[in-house]
Structure formats: C-alpha cells, structure tokens
Amino acid sequence: MMVSGTAPAPERNEFLRAWTERLYVEHDRILFQRRLKLSTPVIRIEPVMSLWGHWNSAARAITLAERLIDNHPWDIVIDVFKHEMAHQLAHERWGAAAAAETAHGQSFQEACRLLGVPAWAASATGALPDEIPDWRGSQRPPEEERLLDRVNKLLALADSTNEYEAALAVDRVRELYAKYNIDRIRSGRPPAHARCVIGRKRRRIESAESAIFAILNAHFMVRAIFSSLYDAQDRREYKAVELLGTRENVLMAEYVYYFLSQKVQALWQDYQRRSRCSGAFRRSYMLGVLEGFRRKLDASSTADAGAESEIKPEMTRALLRQADRQLDCFVAERFPRLSRRLWGGGAYDRGAYGHGISDGGAITLRRGVTDRRGNRGRLLPEA
C-alpha cells in the first residue's frame, strides 16, 4: 500500500477526509469516556509545519498537522488531539476566567486532568514539544539505570546451558523488580507510570495472546487493557492492548510479551515436526505452553519480596498492595469507564495441551530487556 504522505492528490484527499471523519468519532468517544459535554468543533487537518495542533476559539475549530498523522501512531495523535480539546474545554467551561490566564494556565491544566491528557502533552511550561517524546528514551533516574543494568547482566546468565543457573538468574530478576518496587514505595518516590500500546494489526486477539497478557497481569506488575486502535495508513480499526505500569515494569512486560510470542510459535513449529500433527492442535499446544510457563512462575513467586529484602513479609505485601493501588489509579485515569471481561478458555486437545505444559515449564527468559535501541522486542532471535 502506498504511504499516505506520498499518495497522489485524489488519494491523499481521501486519506484526509477519512482521518477527519475519524477525529469527529474520537471527539465523541473521548467525551463519552470522560462523562463530559462539549460542542462539536470544526476539525481540520492542515499541512502546517510550525505546530502539532491548534484550538481557535473564535472559529471553534481544532486543527491538527498532517505530519503528525503521517509520522506518528494514532495513540500519539489522540494525545495531541486531547491537548487541543483541553483548550476547548477551558474556553467553554471557564470562559473569561480561562481567557485571563496564560494559554496553559490553571483552567487548562484542570481541563487536561478531566480529559486524561498525559503529562508530556499537558506541560504547564508552554506549547506542545517540538519533538514528540518517547518514554523509552526519556532520562532515567540513577536507581532505575542500576536496576536495568543488573537485570541485563542476570539475563545474560540465563543464556547458560546449566538449567539450574539459568532458572536462578530469572528468579533473581523477578526478585530485583519486586525489591525495586518496594524500595520505591518505602522511600516515598512517586511512580513514573508509562503506557505501551501493543498493536498487531489484527481484527481479533487470539486465545494464546490473551494467555500471555494474563501472565503479565499476574507476575510482572502491569495491567494489560484490551482496546481498539485506529490505523491511519490502513484507515481501519484493529484490536490493541495497552500495558500500563511504572516505566521499568512496562519495559520488562513488553519484552516478555514479544519473547513469549516468538517462543510459543517456535515451540509449536518444533512440536508439529516431532509429532507430525495438524494445525488443528496449534491452539491447544500453545495454551499448554503458556500454562506450563505460568505454573513455573507461580512456583517461584516473589510476592514476599525476594531474598534481599529485610522487610517482614506482611509489610512487604502491604507495600506491594500500595503499589497496586497507585497503578489502579493510573489505569482509572486512562480508562474511566473500564469494564472487566472474562476470557473463556474453550475446548482443547488434552494430549497437545499436556505436551505444551511440559515444554512451557522449561522456558527461560533470555537477554534483551534493556536494549536501548527501542526495538520493542521485535529483534529477538527465534528460540
């Protein structure tokens, strides 16, 4: 498919029309999610180069830059769009009081809170940044850098051919993460929450993927939220999942997601060669693999804070619950109308499922989580 930014004029106009129509849909959806009311503005997409977006109170119009949509994923487009909606909300709700303030004054900041505008797009110091920030590339505090360096060294040990040494290294990684979260709570450091959108351009999420996200929820201190995300180049909506948590936990969970996705596929291909079974057993085997890996994590749970902690187990559990509450608040800010959905397991073949459990119990995480190149796990070797 031709990239929209280089499309001929008639096709380009069709892209712009589709994007504009979608933004009207997004405007209504955001207001519904936030339980807010605003008039419907004029929405324009223009070839402006000096800014990402603009709210014109006189014309009651929101303008977004074409290059924003051409060069950034839709979730970033929506963050900028919500920034401009915050200007609209401040204008319509507080009127003269908002007009008497600076452009990003108190009324605007309150509007950002009501709309759930992320911190990078709600800066009180001025307009939107010239460069859209990436949470992976942001400056990390020293304690977080030390954590990631130690994790990288431990995951290097996980490449050992000694199965006991490899398993011990992965257990130590999970202990370090638990201890880091506990120490942060004890010291009073506020959590640096982040979100990562995992979109695979698929219209449905397979049961094996759902099982991976359930593992992340249970063992990697994040929340995996199922949603949908528009793709501006395809002009279609796909299923997506957002991982929410502190930056270091989201980084780890994102890595584990891509690692397991590749590992499960590789194990299935090996099992299919060995057993000469048909593709009808794929789902059963993969679910078994993930169940085996989940049981392995359950057996080595670090819920009691890990070996390095000097805190009593009951205090440890209380601190981890506090971290959970902080994360729940962050999730509620992002998804104010979040509903819980139970995912059914469905029928499976017991033989393939059982072999999968056995193979899944032998999975060991490998090196790669702290790669600074931002490959999001996609460059991990097939294992």
# chains A, B, ... in the order shown; residues from 1 in each chain; ligands from 1
$ select_by_dssp --residues "stretch 165-337 of chain A" --states "strand (DSSP E)" --output "number ranges by chain"
A: 193-202, 223-231, 236-246
$ write_last_selection --atoms "N, CA and C atoms" --output "compact mmCIF listing (two decimals), in the first residue's frame"
# COMPACT_ATOMS: atom_id res chain seq x y z
N HIS A 193 4.79 6.42 35.94
CA HIS A 193 3.98 5.50 35.15
C HIS A 193 4.14 5.74 33.66
N ALA A 194 4.00 4.69 32.90
CA ALA A 194 4.08 4.76 31.44
C ALA A 194 3.05 3.81 30.86
N ARG A 195 2.80 3.98 29.58
CA ARG A 195 1.91 3.05 28.87
C ARG A 195 2.54 2.70 27.54
N CYS A 196 2.32 1.49 27.13
CA CYS A 196 2.88 0.98 25.89
C CYS A 196 1.76 0.31 25.12
N VAL A 197 1.54 0.73 23.89
CA VAL A 197 0.48 0.15 23.06
C VAL A 197 1.07 -0.98 22.21
N ILE A 198 0.47 -2.14 22.34
CA ILE A 198 0.86 -3.28 21.52
C ILE A 198 -0.25 -3.50 20.50
N GLY A 199 0.04 -3.17 19.26
CA GLY A 199 -0.92 -3.34 18.18
C GLY A 199 -0.34 -4.24 17.11
N ARG A 200 -1.06 -5.27 16.75
CA ARG A 200 -0.53 -6.24 15.79
C ARG A 200 -1.28 -6.23 14.46
N LYS A 201 -2.09 -5.19 14.22
CA LYS A 201 -2.88 -5.09 13.00
C LYS A 201 -3.71 -6.35 12.77
N ARG A 202 -4.42 -6.73 13.81
CA ARG A 202 -5.31 -7.88 13.72
C ARG A 202 -6.69 -7.47 14.20
N ARG A 223 -0.78 -3.74 34.14
CA ARG A 223 -2.15 -4.04 33.75
C ARG A 223 -2.19 -4.08 32.22
N ALA A 224 -2.72 -5.15 31.69
CA ALA A 224 -2.92 -5.26 30.24
C ALA A 224 -4.38 -4.97 29.95
N ILE A 225 -4.64 -3.89 29.23
CA ILE A 225 -6.01 -3.43 28.96
C ILE A 225 -6.32 -3.63 27.47
N PHE A 226 -7.37 -4.39 27.20
CA PHE A 226 -7.77 -4.65 25.82
C PHE A 226 -8.58 -3.48 25.28
N SER A 227 -8.23 -3.04 24.08
CA SER A 227 -8.93 -1.91 23.48
C SER A 227 -8.84 -2.03 21.96
N SER A 228 -9.17 -0.96 21.27
CA SER A 228 -9.05 -0.91 19.81
C SER A 228 -8.27 0.34 19.44
N LEU A 229 -7.59 0.29 18.32
CA LEU A 229 -6.78 1.43 17.89
C LEU A 229 -6.90 1.59 16.37
N TYR A 230 -7.17 2.81 15.96
CA TYR A 230 -7.29 3.14 14.54
C TYR A 230 -5.91 3.20 13.91
N ASP A 231 -5.78 2.70 12.71
CA ASP A 231 -4.54 2.79 11.95
C ASP A 231 -4.75 3.78 10.80
N ARG A 236 -8.33 1.67 9.11
CA ARG A 236 -9.12 0.61 9.72
C ARG A 236 -8.82 0.56 11.21
N GLU A 237 -9.72 -0.02 11.96
CA GLU A 237 -9.53 -0.18 13.40
C GLU A 237 -9.13 -1.61 13.70
N TYR A 238 -8.11 -1.76 14.55
CA TYR A 238 -7.62 -3.08 14.92
C TYR A 238 -7.67 -3.23 16.44
N LYS A 239 -7.65 -4.48 16.88
CA LYS A 239 -7.55 -4.74 18.30
C LYS A 239 -6.15 -4.40 18.79
N ALA A 240 -6.08 -3.86 19.98
CA ALA A 240 -4.80 -3.49 20.57
C ALA A 240 -4.86 -3.74 22.07
N VAL A 241 -3.70 -3.75 22.68
CA VAL A 241 -3.60 -3.92 24.14
C VAL A 241 -2.64 -2.86 24.66
N GLU A 242 -3.02 -2.19 25.73
CA GLU A 242 -2.14 -1.24 26.39
C GLU A 242 -1.58 -1.87 27.65
N LEU A 243 -0.26 -1.79 27.80
CA LEU A 243 0.39 -2.19 29.04
C LEU A 243 0.62 -0.93 29.86
N LEU A 244 0.12 -0.92 31.08
CA LEU A 244 0.27 0.23 31.96
C LEU A 244 0.98 -0.19 33.24
N GLY A 245 1.87 0.67 33.69
CA GLY A 245 2.62 0.40 34.92
C GLY A 245 3.74 1.41 35.04
N THR A 246 4.63 1.19 36.00
CA THR A 246 5.82 2.04 36.08
C THR A 246 6.70 1.74 34.87
$ residues_around --residues "stretch 346-353 of chain A" --least-positions-apart "6" --cutoff "8 Å" --atoms "only C-alpha atoms" --output "PyMOL selection string"
chain A and resi 281+283-289
$ write_last_selection --atoms "all heavy atoms" --output "PDB file, in the first residue's frame"
ATOM      1  N   PHE A 281      -4.201 -28.659  16.165  1.00  0.00           N
ATOM      2  CA  PHE A 281      -3.748 -28.785  17.549  1.00  0.00           C
ATOM      3  C   PHE A 281      -2.945 -27.574  18.015  1.00  0.00           C
ATOM      4  O   PHE A 281      -2.468 -27.537  19.144  1.00  0.00           O
ATOM      5  CB  PHE A 281      -2.902 -30.056  17.706  1.00  0.00           C
ATOM      6  CG  PHE A 281      -3.666 -31.326  17.444  1.00  0.00           C
ATOM      7  CD1 PHE A 281      -3.690 -31.879  16.176  1.00  0.00           C
ATOM      8  CD2 PHE A 281      -4.377 -31.947  18.460  1.00  0.00           C
ATOM      9  CE1 PHE A 281      -4.396 -33.048  15.921  1.00  0.00           C
ATOM     10  CE2 PHE A 281      -5.082 -33.116  18.222  1.00  0.00           C
ATOM     11  CZ  PHE A 281      -5.102 -33.664  16.949  1.00  0.00           C
ATOM     12  N   ARG A 283      -3.667 -24.354  18.747  1.00  0.00           N
ATOM     13  CA  ARG A 283      -4.195 -23.591  19.885  1.00  0.00           C
ATOM     14  C   ARG A 283      -4.019 -24.360  21.192  1.00  0.00           C
ATOM     15  O   ARG A 283      -3.585 -23.796  22.201  1.00  0.00           O
ATOM     16  CB  ARG A 283      -5.671 -23.267  19.646  1.00  0.00           C
ATOM     17  CG  ARG A 283      -6.361 -22.572  20.799  1.00  0.00           C
ATOM     18  CD  ARG A 283      -7.822 -22.302  20.477  1.00  0.00           C
ATOM     19  NE  ARG A 283      -8.509 -21.747  21.622  1.00  0.00           N
ATOM     20  CZ  ARG A 283      -9.016 -22.478  22.617  1.00  0.00           C
ATOM     21  NH1 ARG A 283      -8.882 -23.801  22.593  1.00  0.00           N
ATOM     22  NH2 ARG A 283      -9.622 -21.903  23.633  1.00  0.00           N
ATOM     23  N   SER A 284      -4.339 -25.651  21.193  1.00  0.00           N
ATOM     24  CA  SER A 284      -4.233 -26.460  22.409  1.00  0.00           C
ATOM     25  C   SER A 284      -2.798 -26.513  22.904  1.00  0.00           C
ATOM     26  O   SER A 284      -2.524 -26.352  24.103  1.00  0.00           O
ATOM     27  CB  SER A 284      -4.747 -27.879  22.153  1.00  0.00           C
ATOM     28  OG  SER A 284      -6.113 -27.868  21.801  1.00  0.00           O
ATOM     29  N   TYR A 285      -1.870 -26.726  21.983  1.00  0.00           N
ATOM     30  CA  TYR A 285      -0.471 -26.815  22.374  1.00  0.00           C
ATOM     31  C   TYR A 285       0.028 -25.484  22.934  1.00  0.00           C
ATOM     32  O   TYR A 285       0.691 -25.445  23.979  1.00  0.00           O
ATOM     33  CB  TYR A 285       0.389 -27.245  21.188  1.00  0.00           C
ATOM     34  CG  TYR A 285       1.863 -27.272  21.524  1.00  0.00           C
ATOM     35  CD1 TYR A 285       2.423 -28.334  22.225  1.00  0.00           C
ATOM     36  CD2 TYR A 285       2.697 -26.216  21.153  1.00  0.00           C
ATOM     37  CE1 TYR A 285       3.768 -28.350  22.546  1.00  0.00           C
ATOM     38  CE2 TYR A 285       4.047 -26.217  21.472  1.00  0.00           C
ATOM     39  CZ  TYR A 285       4.568 -27.291  22.174  1.00  0.00           C
ATOM     40  OH  TYR A 285       5.911 -27.285  22.506  1.00  0.00           O
ATOM     41  N   MET A 286      -0.264 -24.394  22.233  1.00  0.00           N
ATOM     42  CA  MET A 286       0.214 -23.085  22.684  1.00  0.00           C
ATOM     43  C   MET A 286      -0.343 -22.721  24.059  1.00  0.00           C
ATOM     44  O   MET A 286       0.385 -22.196  24.914  1.00  0.00           O
ATOM     45  CB  MET A 286      -0.162 -22.013  21.660  1.00  0.00           C
ATOM     46  CG  MET A 286       0.668 -22.031  20.396  1.00  0.00           C
ATOM     47  SD  MET A 286       0.263 -20.628  19.304  1.00  0.00           S
ATOM     48  CE  MET A 286       1.625 -20.707  18.131  1.00  0.00           C
ATOM     49  N   LEU A 287      -1.629 -22.982  24.276  1.00  0.00           N
ATOM     50  CA  LEU A 287      -2.202 -22.706  25.600  1.00  0.00           C
ATOM     51  C   LEU A 287      -1.527 -23.566  26.665  1.00  0.00           C
ATOM     52  O   LEU A 287      -1.320 -23.119  27.791  1.00  0.00           O
ATOM     53  CB  LEU A 287      -3.707 -22.952  25.580  1.00  0.00           C
ATOM     54  CG  LEU A 287      -4.550 -21.934  24.804  1.00  0.00           C
ATOM     55  CD1 LEU A 287      -6.018 -22.342  24.796  1.00  0.00           C
ATOM     56  CD2 LEU A 287      -4.406 -20.536  25.400  1.00  0.00           C
ATOM     57  N   GLY A 288      -1.178 -24.780  26.305  1.00  0.00           N
ATOM     58  CA  GLY A 288      -0.458 -25.631  27.251  1.00  0.00           C
ATOM     59  C   GLY A 288       0.914 -25.073  27.578  1.00  0.00           C
ATOM     60  O   GLY A 288       1.338 -25.068  28.741  1.00  0.00           O
ATOM     61  N   VAL A 289       1.631 -24.599  26.566  1.00  0.00           N
ATOM     62  CA  VAL A 289       2.952 -23.999  26.791  1.00  0.00           C
ATOM     63  C   VAL A 289       2.848 -22.842  27.790  1.00  0.00           C
ATOM     64  O   VAL A 289       3.635 -22.730  28.740  1.00  0.00           O
ATOM     65  CB  VAL A 289       3.556 -23.512  25.460  1.00  0.00           C
ATOM     66  CG1 VAL A 289       4.776 -22.616  25.718  1.00  0.00           C
ATOM     67  CG2 VAL A 289       3.959 -24.692  24.589  1.00  0.00           C
TER      68      VAL A 289
END
$ select_by_dssp --residues "stretch 123-258 of chain A" --states "helix (DSSP H, G or I)" --output "MDAnalysis selection string"
chainID A and resid 142:157 163:187 207:219 247:258
$ write_last_selection --atoms "C-alpha atoms" --output "short mmCIF file (atom, residue, chain, number, x, y, z; two decimals), in the first residue's frame"
data_model
loop_
_atom_site.label_atom_id
_atom_site.label_comp_id
_atom_site.auth_asym_id
_atom_site.auth_seq_id
_atom_site.Cartn_x
_atom_site.Cartn_y
_atom_site.Cartn_z
CA PRO A 142 20.15 6.53 38.62
CA GLU A 143 18.34 3.86 40.63
CA GLU A 144 16.36 2.78 37.56
CA GLU A 145 19.52 2.64 35.44
CA ARG A 146 21.18 0.46 38.09
CA LEU A 147 18.17 -1.87 38.10
CA LEU A 148 18.22 -2.27 34.32
CA ASP A 149 21.97 -2.85 34.24
CA ARG A 150 21.69 -5.59 36.87
CA VAL A 151 18.79 -7.17 35.03
CA ASN A 152 20.77 -7.18 31.80
CA LYS A 153 23.66 -8.98 33.48
CA LEU A 154 21.35 -11.55 35.05
CA LEU A 155 19.56 -12.27 31.79
CA ALA A 156 22.97 -12.84 30.23
CA LEU A 157 23.38 -15.66 32.76
CA GLU A 163 19.43 -25.16 33.52
CA TYR A 164 19.65 -24.56 37.28
CA GLU A 165 21.85 -21.48 36.82
CA ALA A 166 19.56 -20.12 34.09
CA ALA A 167 16.41 -20.60 36.18
CA LEU A 168 18.08 -18.99 39.19
CA ALA A 169 19.01 -15.94 37.12
CA VAL A 170 15.40 -15.40 36.05
CA ASP A 171 14.20 -15.77 39.65
CA ARG A 172 16.73 -13.12 40.70
CA VAL A 173 15.41 -10.77 38.00
CA ARG A 174 11.91 -11.04 39.44
CA GLU A 175 13.24 -10.56 42.96
CA LEU A 176 15.06 -7.42 41.89
CA TYR A 177 11.91 -5.99 40.33
CA ALA A 178 9.87 -6.75 43.45
CA LYS A 179 12.52 -5.21 45.71
CA TYR A 180 12.83 -2.14 43.47
CA ASN A 181 9.08 -1.51 43.69
CA ILE A 182 9.10 -1.99 47.46
CA ASP A 183 12.08 0.32 47.97
CA ARG A 184 10.41 2.99 45.82
CA ILE A 185 7.27 2.91 47.96
CA ARG A 186 9.26 2.98 51.22
CA SER A 187 11.32 5.98 50.08
CA SER A 207 -6.51 -17.03 22.97
CA ALA A 208 -2.74 -17.60 23.24
CA GLU A 209 -2.13 -13.85 23.25
CA SER A 210 -4.79 -13.43 25.93
CA ALA A 211 -2.96 -16.04 28.00
CA ILE A 212 0.30 -14.09 27.65
CA PHE A 213 -1.38 -10.89 28.85
CA ALA A 214 -2.88 -12.79 31.80
CA ILE A 215 0.67 -13.85 32.75
CA LEU A 216 1.86 -10.24 32.55
CA ASN A 217 -1.00 -9.11 34.79
CA ALA A 218 -0.29 -11.79 37.36
CA HIS A 219 3.50 -11.76 37.51
CA ARG A 247 8.32 2.55 33.28
CA GLU A 248 10.65 -0.24 34.38
CA ASN A 249 7.77 -2.70 34.78
CA VAL A 250 6.23 -1.82 31.41
CA LEU A 251 9.63 -2.21 29.75
CA MET A 252 10.01 -5.69 31.26
CA ALA A 253 6.43 -6.73 30.45
CA GLU A 254 6.74 -5.54 26.84
CA TYR A 255 9.90 -7.57 26.45
CA VAL A 256 8.27 -10.67 27.98
CA TYR A 257 5.27 -10.31 25.65
CA TYR A 258 7.39 -10.35 22.49
#
$ closest_residue --among "A:Pro141, A:Gly360, A:Pro47, A:Gly188" --to "A:Val264" --atoms "only C-alpha atoms"
A:Gly360
$ atom_distance --atom1 "atom CA of A:Asp324" --atom2 "atom CA of A:Ser339"
17.8 Å
$ residues_around --residues "A:Arg44" --least-positions-apart "4" --cutoff "9 Å" --atoms "only C-alpha atoms" --output "PyMOL selection string"
chain A and resi 16+20+61-65
$ atom_distance --atom1 "atom CA of A:Arg17" --atom2 "atom CA of A:Gln233"
12.6 Å
$ atom_distance --atom1 "atom CA of A:Ser358" --atom2 "atom CA of A:Ile205"
24.6 Å
$ residues_around --residues "stretch 112-114 of chain A" --least-positions-apart "3" --cutoff "9 Å" --atoms "only C-alpha atoms" --output "number ranges by chain"
A: 34, 36, 82-83, 85-87, 89-90, 107-109, 117-119, 121-122, 333
$ decode --residues "stretch 176-187 of chain A" --atoms "N, CA and C atoms" --output "compact mmCIF listing (two decimals), in the first residue's frame"
# COMPACT_ATOMS: atom_id res chain seq x y z
N LEU A 176 14.58 -8.79 42.00
CA LEU A 176 15.06 -7.42 41.89
C LEU A 176 13.92 -6.46 41.58
N TYR A 177 13.03 -6.85 40.67
CA TYR A 177 11.91 -5.99 40.33
C TYR A 177 10.99 -5.80 41.52
N ALA A 178 10.72 -6.87 42.26
CA ALA A 178 9.87 -6.75 43.45
C ALA A 178 10.51 -5.83 44.48
N LYS A 179 11.81 -6.03 44.72
CA LYS A 179 12.52 -5.21 45.71
C LYS A 179 12.56 -3.75 45.27
N TYR A 180 12.78 -3.51 43.98
CA TYR A 180 12.83 -2.14 43.47
C TYR A 180 11.50 -1.43 43.73
N ASN A 181 10.39 -2.11 43.45
CA ASN A 181 9.08 -1.51 43.69
C ASN A 181 8.84 -1.25 45.16
N ILE A 182 9.27 -2.17 46.02
CA ILE A 182 9.10 -1.99 47.46
C ILE A 182 9.94 -0.83 47.96
N ASP A 183 11.20 -0.76 47.53
CA ASP A 183 12.08 0.32 47.97
C ASP A 183 11.55 1.68 47.51
N ARG A 184 10.97 1.72 46.30
CA ARG A 184 10.41 2.99 45.82
C ARG A 184 9.27 3.45 46.72
N ILE A 185 8.39 2.55 47.09
CA ILE A 185 7.27 2.91 47.96
C ILE A 185 7.78 3.36 49.32
N ARG A 186 8.73 2.63 49.88
CA ARG A 186 9.26 2.98 51.22
C ARG A 186 9.92 4.36 51.22
N SER A 187 10.60 4.70 50.12
CA SER A 187 11.32 5.98 50.08
C SER A 187 10.39 7.14 49.74
